[in-house]
>>> print(open('query.pdb').read())   # PDB, C-alpha atoms
ATOM      1  CA  MET A   1      49.717  88.415 104.354
ATOM      2  CA  ALA A   2      51.076  85.156 102.962
ATOM      3  CA  ARG A   3      48.604  83.150 100.935
ATOM      4  CA  ILE A   4      47.189  79.801 102.063
ATOM      5  CA  TYR A   5      46.412  77.274  99.324
ATOM      6  CA  TYR A   6      43.725  74.616  99.699
ATOM      7  CA  GLN A   7      42.633  71.586  97.666
ATOM      8  CA  GLU A   8      40.712  73.672  95.156
ATOM      9  CA  ASP A   9      43.913  75.657  94.436
ATOM     10  CA  CYS A  10      45.924  72.539  93.588
ATOM     11  CA  ASN A  11      45.931  70.361  90.488
ATOM     12  CA  LEU A  12      47.008  66.783  91.115
ATOM     13  CA  SER A  13      47.173  66.136  87.362
ATOM     14  CA  MET A  14      50.419  68.139  87.333
ATOM     15  CA  LEU A  15      52.035  64.960  88.671
ATOM     16  CA  GLU A  16      50.653  62.656  85.978
ATOM     17  CA  GLY A  17      53.447  60.905  84.112
ATOM     18  CA  LYS A  18      55.981  62.047  86.710
ATOM     19  CA  THR A  19      58.094  59.809  88.907
ATOM     20  CA  ILE A  20      58.547  60.992  92.483
ATOM     21  CA  ALA A  21      61.610  59.721  94.348
ATOM     22  CA  VAL A  22      61.346  59.983  98.126
ATOM     23  CA  ILE A  23      64.858  59.773  99.549
ATOM     24  CA  GLY A  24      64.625  58.289 103.019
ATOM     25  CA  TYR A  25      61.909  56.165 104.627
ATOM     26  CA  GLY A  26      61.860  57.332 108.222
ATOM     27  CA  SER A  27      59.216  59.393 110.013
ATOM     28  CA  GLN A  28      58.489  61.801 107.148
ATOM     29  CA  GLY A  29      59.688  59.595 104.300
ATOM     30  CA  HIS A  30      57.245  56.752 104.804
ATOM     31  CA  ALA A  31      54.332  59.188 105.157
ATOM     32  CA  HIS A  32      55.149  61.180 102.004
ATOM     33  CA  ALA A  33      55.751  58.040  99.952
ATOM     34  CA  LEU A  34      52.644  56.133 101.036
ATOM     35  CA  ASN A  35      50.329  59.141 100.906
ATOM     36  CA  ALA A  36      51.466  60.193  97.436
ATOM     37  CA  LYS A  37      51.255  56.604  96.186
ATOM     38  CA  GLU A  38      47.699  56.278  97.488
ATOM     39  CA  SER A  39      46.859  59.588  95.795
ATOM     40  CA  GLY A  40      47.668  57.905  92.487
ATOM     41  CA  CYS A  41      51.227  59.138  91.979
ATOM     42  CA  HIS A  42      54.127  57.019  90.773
ATOM     43  CA  VAL A  43      56.434  56.952  93.793
ATOM     44  CA  ILE A  44      59.756  55.216  94.288
ATOM     45  CA  VAL A  45      61.968  55.207  97.373
ATOM     46  CA  GLY A  46      65.702  55.870  97.492
ATOM     47  CA  LEU A  47      67.810  54.414 100.295
ATOM     48  CA  TYR A  48      71.429  53.535 100.946
ATOM     49  CA  GLU A  49      72.422  49.920 100.423
ATOM     50  CA  GLY A  50      71.883  47.968 103.625
ATOM     51  CA  SER A  51      69.289  50.376 105.029
ATOM     52  CA  LYS A  52      67.073  48.763 107.663
ATOM     53  CA  SER A  53      64.123  50.536 106.015
ATOM     54  CA  TRP A  54      64.607  48.773 102.672
ATOM     55  CA  LYS A  55      62.638  45.646 103.576
ATOM     56  CA  LYS A  56      59.942  47.654 105.339
ATOM     57  CA  ALA A  57      59.394  49.880 102.312
ATOM     58  CA  GLU A  58      59.147  46.871  99.998
ATOM     59  CA  GLU A  59      56.701  45.153 102.353
ATOM     60  CA  GLN A  60      54.547  48.269 102.195
ATOM     61  CA  GLY A  61      54.411  48.035  98.429
ATOM     62  CA  MET A  62      57.093  50.537  97.472
ATOM     63  CA  GLU A  63      59.649  50.233  94.661
ATOM     64  CA  VAL A  64      63.032  50.666  96.331
ATOM     65  CA  TYR A  65      66.348  51.644  94.752
ATOM     66  CA  THR A  66      69.601  53.146  95.886
ATOM     67  CA  ALA A  67      69.434  56.920  96.244
ATOM     68  CA  ALA A  68      71.469  57.350  93.050
ATOM     69  CA  GLU A  69      69.231  54.998  91.053
ATOM     70  CA  ALA A  70      66.098  56.661  92.376
ATOM     71  CA  ALA A  71      67.405  60.111  91.475
ATOM     72  CA  ARG A  72      68.257  58.900  87.981
ATOM     73  CA  LYS A  73      64.727  57.577  87.438
ATOM     74  CA  ALA A  74      62.874  60.513  88.979
ATOM     75  CA  ASP A  75      61.420  63.785  87.788
ATOM     76  CA  ILE A  76      60.803  64.991  91.345
ATOM     77  CA  ILE A  77      63.275  64.229  94.122
ATOM     78  CA  MET A  78      62.135  64.827  97.715
ATOM     79  CA  ILE A  79      65.033  64.635 100.205
ATOM     80  CA  LEU A  80      63.851  63.402 103.600
ATOM     81  CA  ILE A  81      66.973  62.299 105.452
ATOM     82  CA  ASN A  82      68.636  64.054 108.390
ATOM     83  CA  ASP A  83      69.822  67.614 107.736
ATOM     84  CA  GLU A  84      73.440  66.806 108.542
ATOM     85  CA  LEU A  85      73.529  63.940 106.010
ATOM     86  CA  GLN A  86      71.877  65.685 103.085
ATOM     87  CA  ALA A  87      74.789  67.618 101.588
ATOM     88  CA  ASP A  88      77.121  64.621 101.257
ATOM     89  CA  MET A  89      74.357  62.401  99.910
ATOM     90  CA  TYR A  90      73.285  65.090  97.435
ATOM     91  CA  LYS A  91      76.839  65.528  96.124
ATOM     92  CA  LYS A  92      77.402  61.802  95.781
ATOM     93  CA  ASP A  93      74.041  60.438  94.643
ATOM     94  CA  ILE A  94      71.762  63.180  93.396
ATOM     95  CA  GLU A  95      73.792  65.929  91.751
ATOM     96  CA  PRO A  96      75.366  63.603  89.134
ATOM     97  CA  ASN A  97      71.909  62.317  88.203
ATOM     98  CA  LEU A  98      69.960  65.577  87.954
ATOM     99  CA  GLU A  99      68.477  66.406  84.584
ATOM    100  CA  GLU A 100      67.296  69.733  83.240
ATOM    101  CA  GLY A 101      63.761  70.496  84.425
ATOM    102  CA  ASN A 102      63.850  68.136  87.408
ATOM    103  CA  MET A 103      62.364  69.349  90.675
ATOM    104  CA  LEU A 104      64.452  69.112  93.837
ATOM    105  CA  MET A 105      62.299  69.178  96.981
ATOM    106  CA  PHE A 106      62.859  69.512 100.711
ATOM    107  CA  ALA A 107      60.763  69.412 103.881
ATOM    108  CA  HIS A 108      63.102  71.821 105.681
ATOM    109  CA  GLY A 109      65.046  74.761 104.268
ATOM    110  CA  PHE A 110      68.265  74.170 106.234
ATOM    111  CA  ASN A 111      70.601  72.941 103.503
ATOM    112  CA  ILE A 112      69.420  75.390 100.858
ATOM    113  CA  ASN A 113      69.309  78.385 103.201
ATOM    114  CA  TYR A 114      72.827  77.795 104.526
ATOM    115  CA  LYS A 115      74.101  76.862 101.046
ATOM    116  CA  CYS A 116      75.219  73.392 102.046
ATOM    117  CA  ILE A 117      73.443  72.311  98.861
ATOM    118  CA  VAL A 118      73.671  74.590  95.821
ATOM    119  CA  PRO A 119      71.501  73.161  93.014
ATOM    120  CA  PRO A 120      72.243  73.894  89.354
ATOM    121  CA  ALA A 121      70.291  76.725  87.742
ATOM    122  CA  ASN A 122      68.346  74.444  85.384
ATOM    123  CA  VAL A 123      66.179  72.669  87.994
ATOM    124  CA  ASP A 124      63.259  73.735  90.169
ATOM    125  CA  VAL A 125      63.796  73.896  93.940
ATOM    126  CA  ALA A 126      60.759  73.782  96.224
ATOM    127  CA  MET A 127      59.672  72.872  99.724
ATOM    128  CA  ILE A 128      56.664  71.212 101.327
ATOM    129  CA  ALA A 129      57.169  71.160 105.093
ATOM    130  CA  PRO A 130      54.418  69.419 107.091
ATOM    131  CA  LYS A 131      53.859  70.992 110.502
ATOM    132  CA  GLY A 132      53.649  67.669 112.263
ATOM    133  CA  PRO A 133      55.594  64.415 112.666
ATOM    134  CA  GLY A 134      55.464  61.812 109.947
ATOM    135  CA  HIS A 135      53.161  59.391 111.743
ATOM    136  CA  THR A 136      50.606  62.210 112.058
ATOM    137  CA  VAL A 137      50.993  63.125 108.381
ATOM    138  CA  ARG A 138      50.191  59.492 107.634
ATOM    139  CA  SER A 139      47.344  58.966 110.116
ATOM    140  CA  GLU A 140      45.602  62.236 109.211
ATOM    141  CA  TYR A 141      45.759  61.323 105.518
ATOM    142  CA  GLN A 142      44.277  57.904 106.237
ATOM    143  CA  ALA A 143      41.491  59.576 108.222
ATOM    144  CA  GLY A 144      40.623  61.740 105.217
ATOM    145  CA  ALA A 145      42.162  64.863 106.722
ATOM    146  CA  GLY A 146      45.636  66.378 106.520
ATOM    147  CA  VAL A 147      48.430  68.169 108.338
ATOM    148  CA  PRO A 148      49.029  71.853 107.407
ATOM    149  CA  CYS A 149      52.237  72.425 105.450
ATOM    150  CA  LEU A 150      54.510  75.305 104.578
ATOM    151  CA  ILE A 151      55.168  75.741 100.861
ATOM    152  CA  ALA A 152      58.054  77.618  99.247
ATOM    153  CA  VAL A 153      59.799  77.877  95.900
ATOM    154  CA  GLU A 154      63.450  78.871  95.880
ATOM    155  CA  GLN A 155      64.065  78.377  92.186
ATOM    156  CA  ASP A 156      61.470  78.276  89.403
ATOM    157  CA  TYR A 157      63.371  77.219  86.284
ATOM    158  CA  THR A 158      60.445  75.607  84.476
ATOM    159  CA  GLY A 159      57.866  78.254  85.353
ATOM    160  CA  GLN A 160      55.729  75.483  86.870
ATOM    161  CA  ALA A 161      57.434  75.063  90.243
ATOM    162  CA  TRP A 162      54.595  76.564  92.265
ATOM    163  CA  GLU A 163      51.965  74.421  90.559
ATOM    164  CA  MET A 164      54.094  71.297  90.974
ATOM    165  CA  ALA A 165      54.766  72.034  94.629
ATOM    166  CA  LYS A 166      51.069  72.626  95.301
ATOM    167  CA  ALA A 167      50.252  69.339  93.572
ATOM    168  CA  TYR A 168      52.776  67.546  95.780
ATOM    169  CA  GLY A 169      51.236  69.197  98.851
ATOM    170  CA  LEU A 170      47.846  67.876  97.759
ATOM    171  CA  ALA A 171      49.243  64.398  97.086
ATOM    172  CA  ILE A 172      50.485  63.976 100.652
ATOM    173  CA  GLY A 173      47.292  65.424 102.144
ATOM    174  CA  GLY A 174      48.615  68.796 103.229
ATOM    175  CA  ALA A 175      46.316  70.841 100.992
ATOM    176  CA  ARG A 176      43.322  69.364 102.799
ATOM    177  CA  ALA A 177      44.372  71.467 105.800
ATOM    178  CA  GLY A 178      46.203  74.269 103.972
ATOM    179  CA  LEU A 179      49.574  75.138 102.437
ATOM    180  CA  LEU A 180      50.974  78.364 103.882
ATOM    181  CA  GLU A 181      53.244  80.276 101.517
ATOM    182  CA  THR A 182      56.685  81.091 102.909
ATOM    183  CA  THR A 183      60.372  81.182 101.889
ATOM    184  CA  PHE A 184      63.246  78.801 102.549
ATOM    185  CA  ARG A 185      64.908  81.416 104.758
ATOM    186  CA  THR A 186      61.813  82.146 106.830
ATOM    187  CA  GLU A 187      60.989  78.479 107.305
ATOM    188  CA  THR A 188      64.538  77.648 108.371
ATOM    189  CA  GLU A 189      64.956  80.507 110.823
ATOM    190  CA  THR A 190      61.521  80.263 112.431
ATOM    191  CA  ASP A 191      61.654  76.459 112.628
ATOM    192  CA  LEU A 192      65.055  76.410 114.340
ATOM    193  CA  PHE A 193      64.075  79.254 116.656
ATOM    194  CA  GLY A 194      60.812  77.581 117.640
ATOM    195  CA  GLU A 195      62.568  74.291 118.373
ATOM    196  CA  GLN A 196      65.322  75.872 120.432
ATOM    197  CA  ALA A 197      63.628  78.698 122.308
ATOM    198  CA  VAL A 198      60.187  77.206 122.862
ATOM    199  CA  LEU A 199      59.162  73.745 121.699
ATOM    200  CA  CYS A 200      62.147  71.606 122.683
ATOM    201  CA  GLY A 201      64.788  73.666 124.472
ATOM    202  CA  GLY A 202      62.452  76.108 126.191
ATOM    203  CA  VAL A 203      59.668  73.756 127.261
ATOM    204  CA  THR A 204      61.868  70.909 128.489
ATOM    205  CA  ALA A 205      64.137  73.285 130.416
ATOM    206  CA  LEU A 206      61.098  74.989 131.990
ATOM    207  CA  MET A 207      59.517  71.701 133.050
ATOM    208  CA  GLN A 208      62.762  70.351 134.479
ATOM    209  CA  ALA A 209      63.479  73.615 136.311
ATOM    210  CA  GLY A 210      60.053  73.407 137.958
ATOM    211  CA  PHE A 211      60.729  69.773 138.872
ATOM    212  CA  GLU A 212      64.069  70.754 140.408
ATOM    213  CA  VAL A 213      62.627  73.643 142.457
ATOM    214  CA  LEU A 214      59.950  71.412 143.972
ATOM    215  CA  THR A 215      62.269  68.499 144.753
ATOM    216  CA  GLU A 216      64.915  70.835 146.196
ATOM    217  CA  ALA A 217      62.194  72.181 148.488
ATOM    218  CA  GLY A 218      61.596  68.662 149.785
ATOM    219  CA  TYR A 219      58.524  67.613 147.818
ATOM    220  CA  ASP A 220      58.091  64.046 146.584
ATOM    221  CA  PRO A 221      59.628  63.772 143.092
ATOM    222  CA  ARG A 222      56.498  61.961 141.929
ATOM    223  CA  ASN A 223      54.364  64.948 142.912
ATOM    224  CA  ALA A 224      56.837  67.220 141.146
ATOM    225  CA  TYR A 225      56.657  65.121 137.978
ATOM    226  CA  PHE A 226      52.872  65.152 137.913
ATOM    227  CA  GLU A 227      52.585  68.897 138.486
ATOM    228  CA  CYS A 228      55.391  70.146 136.236
ATOM    229  CA  ILE A 229      55.719  67.544 133.476
ATOM    230  CA  HIS A 230      52.789  65.134 133.252
ATOM    231  CA  GLU A 231      50.126  67.857 133.159
ATOM    232  CA  MET A 232      51.872  69.762 130.369
ATOM    233  CA  LYS A 233      50.009  67.601 127.843
ATOM    234  CA  LEU A 234      46.671  68.695 129.285
ATOM    235  CA  ILE A 235      47.549  72.365 128.861
ATOM    236  CA  VAL A 236      49.048  71.967 125.387
ATOM    237  CA  ASP A 237      46.050  69.931 124.199
ATOM    238  CA  LEU A 238      43.690  72.677 125.398
ATOM    239  CA  ILE A 239      45.743  75.366 123.648
ATOM    240  CA  TYR A 240      45.894  73.222 120.483
ATOM    241  CA  GLN A 241      42.120  72.867 120.519
ATOM    242  CA  SER A 242      40.993  76.388 121.438
ATOM    243  CA  GLY A 243      43.955  78.724 121.965
ATOM    244  CA  PHE A 244      45.132  80.423 125.136
ATOM    245  CA  SER A 245      41.671  81.810 125.910
ATOM    246  CA  GLY A 246      40.114  78.366 125.588
ATOM    247  CA  MET A 247      42.749  76.880 127.871
ATOM    248  CA  ARG A 248      42.184  79.592 130.474
ATOM    249  CA  TYR A 249      38.434  79.032 130.289
ATOM    250  CA  SER A 250      38.942  75.313 130.946
ATOM    251  CA  VAL A 251      41.267  75.560 133.953
ATOM    252  CA  SER A 252      40.275  76.778 137.403
ATOM    253  CA  ASN A 253      40.069  80.466 138.343
ATOM    254  CA  THR A 254      42.992  79.835 140.687
ATOM    255  CA  ALA A 255      45.103  78.528 137.813
ATOM    256  CA  GLU A 256      44.081  81.373 135.523
ATOM    257  CA  PHE A 257      44.853  84.004 138.166
ATOM    258  CA  GLY A 258      48.235  82.358 138.776
ATOM    259  CA  ASP A 259      48.866  82.387 135.011
ATOM    260  CA  TYR A 260      48.504  86.178 134.827
ATOM    261  CA  TYR A 261      50.426  86.698 138.063
ATOM    262  CA  ALA A 262      53.411  84.413 137.552
ATOM    263  CA  GLY A 263      53.935  84.246 133.783
ATOM    264  CA  PRO A 264      55.584  87.685 133.464
ATOM    265  CA  GLN A 265      57.828  86.890 136.429
ATOM    266  CA  ILE A 266      59.147  83.716 134.781
ATOM    267  CA  ILE A 267      59.357  84.918 131.193
ATOM    268  CA  THR A 268      61.042  88.279 131.654
ATOM    269  CA  GLU A 269      62.772  90.703 129.306
ATOM    270  CA  ASP A 270      65.999  88.849 130.131
ATOM    271  CA  THR A 271      64.395  85.683 128.795
ATOM    272  CA  LYS A 272      63.391  87.449 125.589
ATOM    273  CA  ASN A 273      66.906  88.881 125.243
ATOM    274  CA  ALA A 274      68.282  85.341 125.488
ATOM    275  CA  MET A 275      65.820  84.326 122.776
ATOM    276  CA  ARG A 276      66.970  87.230 120.613
ATOM    277  CA  LYS A 277      70.557  85.994 120.913
ATOM    278  CA  LEU A 278      69.460  82.518 119.838
ATOM    279  CA  LEU A 279      67.667  83.990 116.843
ATOM    280  CA  ALA A 280      70.723  86.033 115.871
ATOM    281  CA  ARG A 281      72.905  82.886 115.912
ATOM    282  CA  ILE A 282      70.384  81.140 113.681
ATOM    283  CA  GLN A 283      70.188  84.086 111.275
ATOM    284  CA  ASP A 284      73.942  84.543 110.885
ATOM    285  CA  GLY A 285      74.637  80.820 110.460
ATOM    286  CA  SER A 286      76.570  80.350 113.724
ATOM    287  CA  PHE A 287      74.224  77.635 114.977
ATOM    288  CA  ALA A 288      74.306  75.768 111.668
ATOM    289  CA  SER A 289      78.123  75.848 111.602
ATOM    290  CA  GLU A 290      78.383  74.547 115.160
ATOM    291  CA  PHE A 291      75.807  71.830 114.515
ATOM    292  CA  LEU A 292      77.375  70.626 111.271
ATOM    293  CA  GLN A 293      80.882  70.665 112.730
ATOM    294  CA  ASP A 294      79.841  68.538 115.711
ATOM    295  CA  MET A 295      77.894  66.108 113.502
ATOM    296  CA  SER A 296      80.768  65.738 110.996
ATOM    297  CA  PRO A 297      83.217  62.793 111.113
ATOM    298  CA  ALA A 298      85.828  65.171 112.535
ATOM    299  CA  GLY A 299      83.477  66.376 115.256
ATOM    300  CA  ARG A 300      82.324  62.832 116.002
ATOM    301  CA  GLN A 301      79.143  64.148 117.639
ATOM    302  CA  VAL A 302      81.081  64.760 120.867
ATOM    303  CA  MET A 303      78.947  67.690 122.002
ATOM    304  CA  PHE A 304      75.713  66.081 120.806
ATOM    305  CA  LYS A 305      76.328  62.752 122.549
ATOM    306  CA  THR A 306      77.608  64.381 125.752
ATOM    307  CA  ARG A 307      74.522  66.557 126.047
ATOM    308  CA  ARG A 308      72.217  63.672 125.171
ATOM    309  CA  GLN A 309      73.777  61.557 127.925
ATOM    310  CA  LYS A 310      73.547  64.372 130.475
ATOM    311  CA  ALA A 311      69.891  64.976 129.601
ATOM    312  CA  ALA A 312      69.100  61.270 129.957
ATOM    313  CA  GLU A 313      70.551  61.307 133.480
ATOM    314  CA  HIS A 314      68.255  64.062 134.777
ATOM    315  CA  PRO A 315      66.294  62.839 137.850
ATOM    316  CA  SER A 316      62.987  63.607 136.157
ATOM    317  CA  GLU A 317      63.749  60.943 133.535
ATOM    318  CA  LYS A 318      63.962  58.147 136.117
ATOM    319  CA  ILE A 319      60.848  59.317 137.939
ATOM    320  CA  GLY A 320      59.025  59.748 134.662
ATOM    321  CA  GLU A 321      59.805  56.191 133.623
ATOM    322  CA  GLU A 322      58.250  54.944 136.874
ATOM    323  CA  ILE A 323      55.209  57.209 136.611
ATOM    324  CA  ARG A 324      54.479  56.319 132.981
ATOM    325  CA  LYS A 325      54.215  52.643 133.927
ATOM    326  CA  LEU A 326      51.026  53.592 135.755
ATOM    327  CA  TYR A 327      49.354  54.747 132.538
ATOM    328  CA  SER A 328      46.974  52.101 131.250
ATOM    329  CA  TRP A 329      47.578  53.256 127.685
ATOM    330  CA  ASN A 330      51.359  53.374 127.892
ATOM    331  CA  ASN A 331      53.622  51.241 125.747
ATOM    332  CA  GLU A 332      57.081  52.768 125.609
ATOM    333  CA  ASN A 333      58.198  50.127 123.145
ATOM    334  CA  ASP A 334      55.791  51.542 120.583
ATOM    335  CA  LYS A 335      57.851  54.431 119.254
ATOM    336  CA  LEU A 336      55.370  55.919 116.819
ATOM    337  CA  ILE A 337      57.685  58.744 115.797
ATOM    338  CA  ASN A 338      60.112  56.232 114.299
ATOM    339  CA  ASN A 339      57.477  54.344 112.287
TER     340      ASN A 339
END
>>> encode(input="query.pdb", output="structure tokens")
Amino acid sequence: MARIYYQEDCNLSMLEGKTIAVIGYGSQGHAHALNAKESGCHVIVGLYEGSKSWKKAEEQGMEVYTAAEAARKADIIMILINDELQADMYKKDIEPNLEEGNMLMFAHGFNINYKCIVPPANVDVAMIAPKGPGHTVRSEYQAGAGVPCLIAVEQDYTGQAWEMAKAYGLAIGGARAGLLETTFRTETETDLFGEQAVLCGGVTALMQAGFEVLTEAGYDPRNAYFECIHEMKLIVDLIYQSGFSGMRYSVSNTAEFGDYYAGPQIITEDTKNAMRKLLARIQDGSFASEFLQDMSPAGRQVMFKTRRQKAAEHPSEKIGEEIRKLYSWNNENDKLINN
């Protein structure tokens, strides 16, 4: 079994006298930078010239430099920009400024696992991957708690990479909840699979399919939205709090009976075979190649933008917009995930 590290296993003093450069100040970037700063670390932020986040970071008390300047000043460089942008930025701004014994860090194993970034042999390479969005990493830290993280070391040149990575995990609050030991490969493959087969691709497709079946049968789209999409949060919150058994205890006997009856009819061996094919494409690099090609200047995001537009036009999106206006707590202009 992989080890889980907690606060008592981590030594924040490992970061004393070190400069941490957080590259990027989006969802994860702002949380890592602010949390580590408030833990007593010396943190600077690296951004591209003209970044809309530059002023925001300065207003929140951060020292801000270009990515190249930040890398030059830093002992630890945490890269927190989009996967598809990392390799070019690394080649241009970070690689020329790496020094022997530096630590290169990531919150996702994508670019190391698929060898889009190949660091020199004389630096440490580690990962702290929070299992939650950046605004939650920040709010949990402020509440005195933390978001669990995955921790991995790909390259331990100095012999201190694990201790440094654990210290970083403590600095951002992750060690308060636990740092689960893993590898770059495992994190990459399981993260992509979870997103595609279950969390994003699987769940949204399932909810929209249910919406379509009900509306095609003549039911009011608003009813369909409530039953197949709106109430998903209730079920997920119950599972989050107390697992599948706790959820089944909380719902009605009718719902629980229907769960056992219908679940195996919806998620069949064919479904699992489709999942296995997705996993195989992730493992052999086919998905990464397709993604990077489409997101490149040559690909111009044609597939990405076409699919995004098609998804936005689904009937459930229009109905959902109307339904969410009824929520007393709703403010769709407050996009927390982008803070």
>>> atom_distance(input="query.pdb", atom1="atom CA of A:Leu279", atom2="atom CA of A:Gln155")
25.5 Å
>>> residues_around(input="query.pdb", residues="A:Arg222", least_positions_apart="2", cutoff="9 Å", atoms="all atoms listed in the file", output="JSON, numbers by chain")
{"A": [219, 220, 224, 225, 226, 227, 316, 319, 320, 322, 323]}
>>> atom_distance(input="query.pdb", atom1="atom CA of A:Met78", atom2="atom CA of A:Gln293")
24.7 Å
>>> residues_around(input="query.pdb", residues="A:Ser245", least_positions_apart="6", cutoff="12 Å", atoms="only C-alpha atoms", output="number ranges by chain")
A: 235, 238-239, 251, 256, 259
>>> residues_near_point(input="query.pdb", point="(49.1, 58.9, 91.2)", cutoff="12 Å", atoms="all atoms listed in the file", output="number ranges by chain")
A: 11-20, 33-44, 167-168, 170-172
>>> closest_residue(input="query.pdb", among="A:Ile81, A:Ser286, A:Gly258, A:Leu104", to="A:Ser27", atoms="only C-alpha atoms")
A:Ile81
>>> residues_near_point(input="query.pdb", point="(53.9, 87.8, 101.3)", cutoff="12 Å", atoms="only C-alpha atoms", output="list in words")
Met1, Ala2, Arg3, Ile4, Ala152, Leu180, Glu181, Thr182, Thr183 and Thr186 of chain A
>>> closest_residue(input="query.pdb", among="A:Glu269, A:Glu189, A:Asp75, A:Asp83", to="A:Phe106", atoms="all atoms listed in the file")
A:Asp83
>>> resolve_selection(input="query.pdb", expression="the PyMOL selection byres ((chain A and resi 196) around 12)", output="ChimeraX atom specification")
/A:189-195,197-205,274-279,281-282,287
>>> axis_aligned_box(input="query.pdb", around="stretch 67-81 of chain A", padding_each_side="5 Å", output="lines of an AutoDock Vina configuration file")
center_x = 66.1
center_y = 60.0
center_z = 96.4
size_x = 20.7
size_y = 20.0
size_z = 28.0
